[in-house]
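**Q** Sharing a structure with you now.
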Amino acid sequence: MKFKLNEEIDRWKKSLHAFQGFEPENIEELEDHLRSDIEQKVKQGKTEEEAFMEARTRIKNVKEISELHIKMRNNSSLFLLNIRFLLKILRRNKSHSFQSLAGLIVGITICTITFYYANYELSYDTFHEKTEALFRVRVDVVSTETGEYQNRRATGFYALPEALKDEIPEITESTILYPEAAVIINEEDNFSIDKVLYTSESFFNMFTIPLKWGSSNEFDSPDGIFISATLAERLYGEENPLGKQFKYLGVRTGGDFTLQVRGVFEDVPKNSYFKNTDVFLPIQIFKNLHTPTLSWAPITIEQVKWRWTDFYTFIEVQSGANVVQVQEKIQDVLDRNRREFDANRGRKQVASMEPMDEINLVTGLHNELEAGVNKEILWLFFGIGIMVMIIAWINYVNMSTATSISRSKEIGIKKALGAIKKQLVSQFLLESTVLTMLALFISIALVLLISGRISEFFDIQLAIGLQDLPFFLTLTIIILLGSIIAGIYPAMILSSFKTVDILKTASKNSGANVWVRKILVVFQFAIVAFLLTGALVVYQQFQFMINKDLGIDINGKIAVDLPNGIFLGDDFDVKTERLLSSYRELPQIKTISGSSMLPGDINGWRHSLSVDGGESQNLVVFNRMSVSDNYIEDFDIKIIAGRPFDKNITSDYAEALIINRSGMEQLGFSSPDSIIGKSVSFAVGPQAYKVVGVAEDFHHQSVHSIIEPLSIQFDSAYQEGFLAIDFEGDFGETIQSLEEKYAEVFPEVPFNFNFLDSRYREQYESDLQFQNIFRIITVVSILLAIIGLLALSTYFLNQQKKSVSVRKVLGAEKWELVRLVTREYLLLIIIACAISIPLSIISINRWLEGFVFRISVNPLLYVLPTIILSAIVLLTISRNTSKLVNVNPARTLRND
Amino acid sequence: MSKKDLVGASTIPIVLSILLEREHYGYELIRKVHEISNGNLEWSEAMLYPVLHRLQKDGYLSSRWIVLENGRRRKYYGITDLGRTLLNEKKEDWTSMVTLFINLWNLKIEPQ
C-alpha cells in the first residue's frame, strides 16, 4: 500500500486534539514543525514514510508539551507548585518564618479585636427591619437668654409620643418608654430584675424584637406582662410560660401587681439601646397607677403630661419624609403645648431627632437609659488597630529584607537557572500573602478561642456569625492589601539582586535600601512612642480622677438599699425608723445616715429653683436630694456658711435647704452668707424652703462631670433611698447582723448592700476599661517592635562585622565600638520621638479637653518615652552588640 | 547542577540571542542551536515550545504568522524591547559566570 503522507499527518493531528493543553494554533505550529522536519529529511534522501516516522518520533513527548501548556495557562497549578515550594522555604528559614508569623498574628489579632469592638459599637440597633425610619425624640432645656443648654436629657414629656403621631402626618407610629427596676415574687424565690420598660403595643411593630411565645396584639392588657426568654427559663424552665402568674413589685413606681405572662420575647441583642431588658409592661398599667395623685403633687397624670419629663419617645417616620421638616413640626407641637409653662421663665424646650442607629454614639445626656460611647474613642480604636497593624507590617518588611543575605544565594541560583524578575517578585508576593493569610486564619481562630473573655472585657456579645461576614471580608481585604504592599518592597529588593553582586561578595545592600529600612524603623518607633506617651497620660488622668479629693468622705462605708415604701403599706415610715434604731443599737456601727441618692448615682430628681421675692430672676435646675439629720456630719461635707440641719429645730424638717456653692453662684449670689435665710421655691410645687446653709462644692457625680447645683433637704424622702453605714470590727459579722435586722423589719424584700467607694468607682468602669485596653496595646506594640528590632540588629550585625573588624585591627577600644554600634539606633529613636512628640501633644490635649477635671501634663512626660525606648532598644540589641564588639577580626577579614 | 539544569538555565538567553539577529520559527531555532553547538546541544520540541509561548506571554517575544508559497502557515518569533532588556541582564549574569570560571581555572592551572 502506498504511504499517504497527508493522511498520516492528519491522523497525527487528530491524536493531538486528545490532549487538553493544545489550542488549534499550537497544533498548526507543531504541524509546520513536523512538515519542515520531514522536508529536511526527504532532502537528505529518506523516503516520505521514513522521514515521517523519524520526525514523529522526535516530537515524541507530545504529552509533555501539552501538560506544560496546561500549567502555563492554568495559574492555579502554578499556585500549587509555588505553595509547595513556599512550605519548603518556610521550613528552611524556621526562625525567620516563626518571627514573621508571630508578629503578624499579634498584629492582626489586636487589629481584629479593636476593629470588631469599634464596629460593634457602631452596629447598635442596626438590626431592626425599620432602623432607617426610626428616631428617638428628646427634649433639651435651653436658656432663651444665652442659648446655652440648661439641661440635656434623653427623655421627653409623657404626652409627646401620642401627640406627635396624632398631629404630624409623616409620623406613622410612635411609642413611649418608661424604665424601672422591680422585684419578682414567685412561688419558689423572689429576686430583683434591673430593667423593666413600660411601653405600648406599637413598640413591637416598630422594633424587631421577635416573640418566642404569644403575640404582640395581646400586649395592651391591664394585667399582662411580656418577659424575656432568659427570665422565662429562670422562672419556668422549659415549660410553656404563657398564662403563668407572678407578683411584681416596681421599685420606681411602687406598683404592686399580680401579672400574667402574655408573651415571651427573644433576649434583646446586646448591641441595642434596649439590651438587658427583662420585662415589657403595658404603659396602661403605669397610667392606672398614677391616677388620681402623684406622690409629689396632688394632681392627675393628665395634668402633668406636658411637664413630666421622664419618658422616652420613639417615632417611625414615613419613608421619603423630609426629616428637617418633621423636626420643625415636632418643635411646633412642643412649643404649642409648653408655651404656658416656659413663658417668662427664660427657657425653651428644644426637640431633637436622633436616628435610631446613632443613639449609641450620643453621650453626656441626663436620664440616659444606656450610656453611649464617645465617637472619637471609637475612631481612636480604629486608629490604634491600624497603627498596631502597621507596626507588624513594618516588622515583616524589616525581617524579610534582613534575611535577604541568606536568601541572596537562593535568588542567585534561581536567576542563573533562568528565573525572570517577574517570577521572583510574584514568588515573594505569594510568600507574603500566604504568610498573612495563615496569620489571619490563626488570628481569627485565636479571637474565637478567647471570644468569651473579649465579650466580658468589652461588655459586648462576640458571637461571630453570618452577620459578621461583611466585617470579616472587609478585614480580610484590608489585611491582604496591606500584606501585598508590605510584600512588594522586600520582593523588589530580593529579586533585584544581581547574580554578579551575589557572586562577588556576600551581598551589600545599596544605600537606598538601608535608608528605606531606617525610615520604616523611625516610623515604627514613632508609633510606639506615641502609644507609650498616650498610655502614660491615660494612666495619670485616671489615677487623678480616682484619687481626686471629692470633698465628701465615702471611704469604708457600706450602702444598704432601702425598699420602696409603697410595697409596705402605711407603716413604712415607722418600719424604716425601727430599722434605723435597731441598726444604731449594733455595737459595730459608728455612724449611720440616710439619703435619697448615693454619691455616684445618676439623679433623676431635678427641678428648677428660684429665690422668692424677686431678688434674683435666675431659674436654676438643681439636683435634689433628701437626707437624714446627721448626713452632713457623717460624710464630712464642709459648710461654708450657715449651719447643717438640726433635728432639734422643728422648722428644719421639710422646710430647710442646704445648697452647694455652684448652686448659690448660679442663683446670682456672690457671697455664701448673703443667701442664708432666703426663701426659695421649686418650680413644681407650692412649698417654699429656707436656705439654712451653703456647702462647699463636692463631687456627687464622677469627676467627669462639672459640679452641678445641688439642694439638700431634710425630710422623710430619704427613706426610700439608702443607708450609709460606717462600721468597725469584723466585716462578715457586721453584714450578717445588718441582714438579720433587715429581715426582721422587711421580711419580703431582699437585702442589698455594697461598698460606697466601690459603688462610686463603678462610674469609672469604662475609663478603666479604656486604660486597660490602651495599656495592653502599648505593651503589645512594644513587644512587636522588639521582635522587629532583633531582626534588624542581626542584619546590621552582619553588615557591620567588617567595619568593626577593621577598626579593631586599627586599635579601637571596645567602648568606642559600642558607641559606634549603638549610636545609630539612638539616633533613630531620637528622630522618631521628635516626630511623635508634637503629635502626642496635639492629640493628648484634645483628649484631655473631654475632661472637666484634668491633669496638666508635665512636659517631661513627653520626653520619657525617648528614655524608655532607648533603654528597651539598648537591652534588645545588647546581645548582638556584644557579639559584634567581640568579633574575631582575623576570621571576619579572612572570609571577606 | 545537572546537565539538564544547565540546559534549562541557558535556554532563554540562547533563544533571545538567536532572535536578536532576525525572526525565527521553532524548527529553525532547534536546527540553529544544533549547528552552533556542533551537535552538542540538542533541544527537544517539548522543551522549546513551552518556553517560546511563555516568553511571548510575558512580553519578551512577539510572533506573527507567515503564509508560505504552498499555502502553509508558519509562526515566526521575534524579540521585543523587553526581551532585549532581559537579554542584557542575562548576558551580565552569564558573562560574570564565565569570567569567574575562566579566572578560577586559569588561576589553578597556571602555577603548574
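Following the order of the C-alpha cells, chains are lettered A, B, ..., residues in each are numbered from 1, and ligands are numbered from 1.
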Select all residues from chain B having any atom no more than 7 Å from an atom of chain A (counting only C-alpha atoms, ignoring ligands), output as an MDAnalysis selection string.

**A** chainID B and resid 5 8:10 12 26:27 45:46 50 74:75 93 96

**Q** Please extract the residues of segment 89-308 of chain A with a backbone DSSP assignment of alpha helix (DSSP H) and present them as JSON, numbers by chain.

**A** {"A": [89, 90, 91, 92, 94, 95, 96, 97, 98, 99, 100, 101, 102, 103, 104, 105, 106, 107, 108, 109, 110, 111, 112, 113, 114, 115, 116, 117, 118, 119, 120, 121, 122, 160, 161, 162, 163, 164, 165, 166, 167, 202, 203, 204, 205, 206, 229, 230, 231, 232, 233, 234, 235, 236, 283, 284, 285, 286, 287, 288, 289, 301, 302, 303, 304]}

**Q** Taking only C-alpha atoms into account, name the residue in B:Tyr77, B:Tyr25, B:Trp94, B:Tyr49 that is nearest to Leu61 of chain B.

**A**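 Closest to Leu61 of chain B, using only C-alpha atoms: B:Tyr77.
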
**Q** Based on the backbone DSSP call, show me all residues of segment 29-89 of chain B assigned strand (DSSP E), as an MDAnalysis selection string.

**A** chainID B and resid 61:67 73:79

**Q** Which residues, written as a ChimeraX atom specification, have at least one atom at most 8 Å from Arg22 of chain B, with only C-alpha atoms counted and residues fewer than 3 positions away on the same chain left out?

**A** /B:18-19,78

**Q** Got a sec: who's within 7 Å of segment 324-330 of chain A, counting only C-alpha atoms, leaving out chain neighbours fewer than 5 positions off, as a list in words?

**A**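 Counting only C-alpha atoms, the residues come to Leu164, Ile168, Ala351, Ser352 and Met353 of chain A.
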
**Q** Those same residues - all heavy atoms - I'd like them written as a short mmCIF file (atom, residue, chain, number, x, y, z; two decimals), in the first residue's frame.

**A**
data_model
loop_
_atom_site.label_atom_id
_atom_site.label_comp_id
_atom_site.auth_asym_id
_atom_site.auth_seq_id
_atom_site.Cartn_x
_atom_site.Cartn_y
_atom_site.Cartn_z
N LEU A 164 -47.32 63.51 68.86
CA LEU A 164 -46.58 63.54 67.61
C LEU A 164 -47.27 62.69 66.54
O LEU A 164 -47.39 63.09 65.39
CB LEU A 164 -45.14 63.06 67.82
CG LEU A 164 -44.25 63.95 68.70
CD1 LEU A 164 -42.84 63.39 68.76
CD2 LEU A 164 -44.24 65.38 68.19
N ILE A 168 -48.73 64.92 63.44
CA ILE A 168 -47.80 65.04 62.30
C ILE A 168 -48.01 63.85 61.36
O ILE A 168 -47.73 62.70 61.71
CB ILE A 168 -46.34 65.08 62.80
CG1 ILE A 168 -46.17 66.26 63.77
CG2 ILE A 168 -45.36 65.20 61.64
CD1 ILE A 168 -44.84 66.34 64.45
N ALA A 351 -36.61 70.26 70.84
CA ALA A 351 -36.66 68.84 70.49
C ALA A 351 -35.54 68.51 69.51
O ALA A 351 -35.17 69.33 68.69
CB ALA A 351 -38.00 68.52 69.85
N SER A 352 -34.98 67.33 69.64
CA SER A 352 -34.08 66.87 68.58
C SER A 352 -34.39 65.42 68.24
O SER A 352 -34.82 64.64 69.08
CB SER A 352 -32.62 67.04 68.99
OG SER A 352 -32.43 66.59 70.29
N MET A 353 -34.17 65.13 66.95
CA MET A 353 -34.46 63.80 66.43
C MET A 353 -33.15 63.08 66.21
O MET A 353 -32.28 63.59 65.50
CB MET A 353 -35.14 63.94 65.06
CG MET A 353 -36.62 63.79 65.06
SD MET A 353 -37.23 64.29 63.44
CE MET A 353 -37.21 62.72 62.59
#

**Q** Measure the distance from atom CA of Trp515 of chain A to atom CA of Asn398 of chain A in Å and round it to one decimal.

**A**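 If I compute the distance from atom CA of Trp515 of chain A to atom CA of Asn398 of chain A, I get 11.7 Å.
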
**Q** Go through A:Leu481, A:Thr650, A:Asp166, A:Pro889 and flag the residue nearest Leu810 of chain A, using only C-alpha atoms for the distances.

**A**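 Closest to Leu810 of chain A, using only C-alpha atoms: A:Pro889.
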
**Q** For Val7 of chain B, which residue among B:Gly59, B:Leu41, B:Lys91, B:Ile79 is the nearest when counting only C-alpha atoms?

**A**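 Going through B:Gly59, B:Leu41, B:Lys91, B:Ile79 one by one, the smallest distance to Val7 of chain B is for B:Leu41.
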
**Q** One decimal, Å: what's the distance from atom CA of Tyr631 of chain A over to atom CA of Phe755 of chain A, could you say?

**A**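 Rounded to one decimal, the two atoms are 16.9 Å apart.
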
**Q** One number please: atom CA of Gly383 of chain A to atom CA of Pro859 of chain A, in Å, one decimal.

**A**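 Between atom CA of Gly383 of chain A and atom CA of Pro859 of chain A the gap works out to 24.4 Å.
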
**Q** Select, from A:Lys247, A:Lys165, A:Arg879, A:Arg136, the residue with the minimum atom-to-atom distance to Phe191 of chain A, counting only C-alpha atoms.

**A**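 Nearest candidate to Phe191 of chain A out of A:Lys247, A:Lys165, A:Arg879, A:Arg136: A:Lys247.
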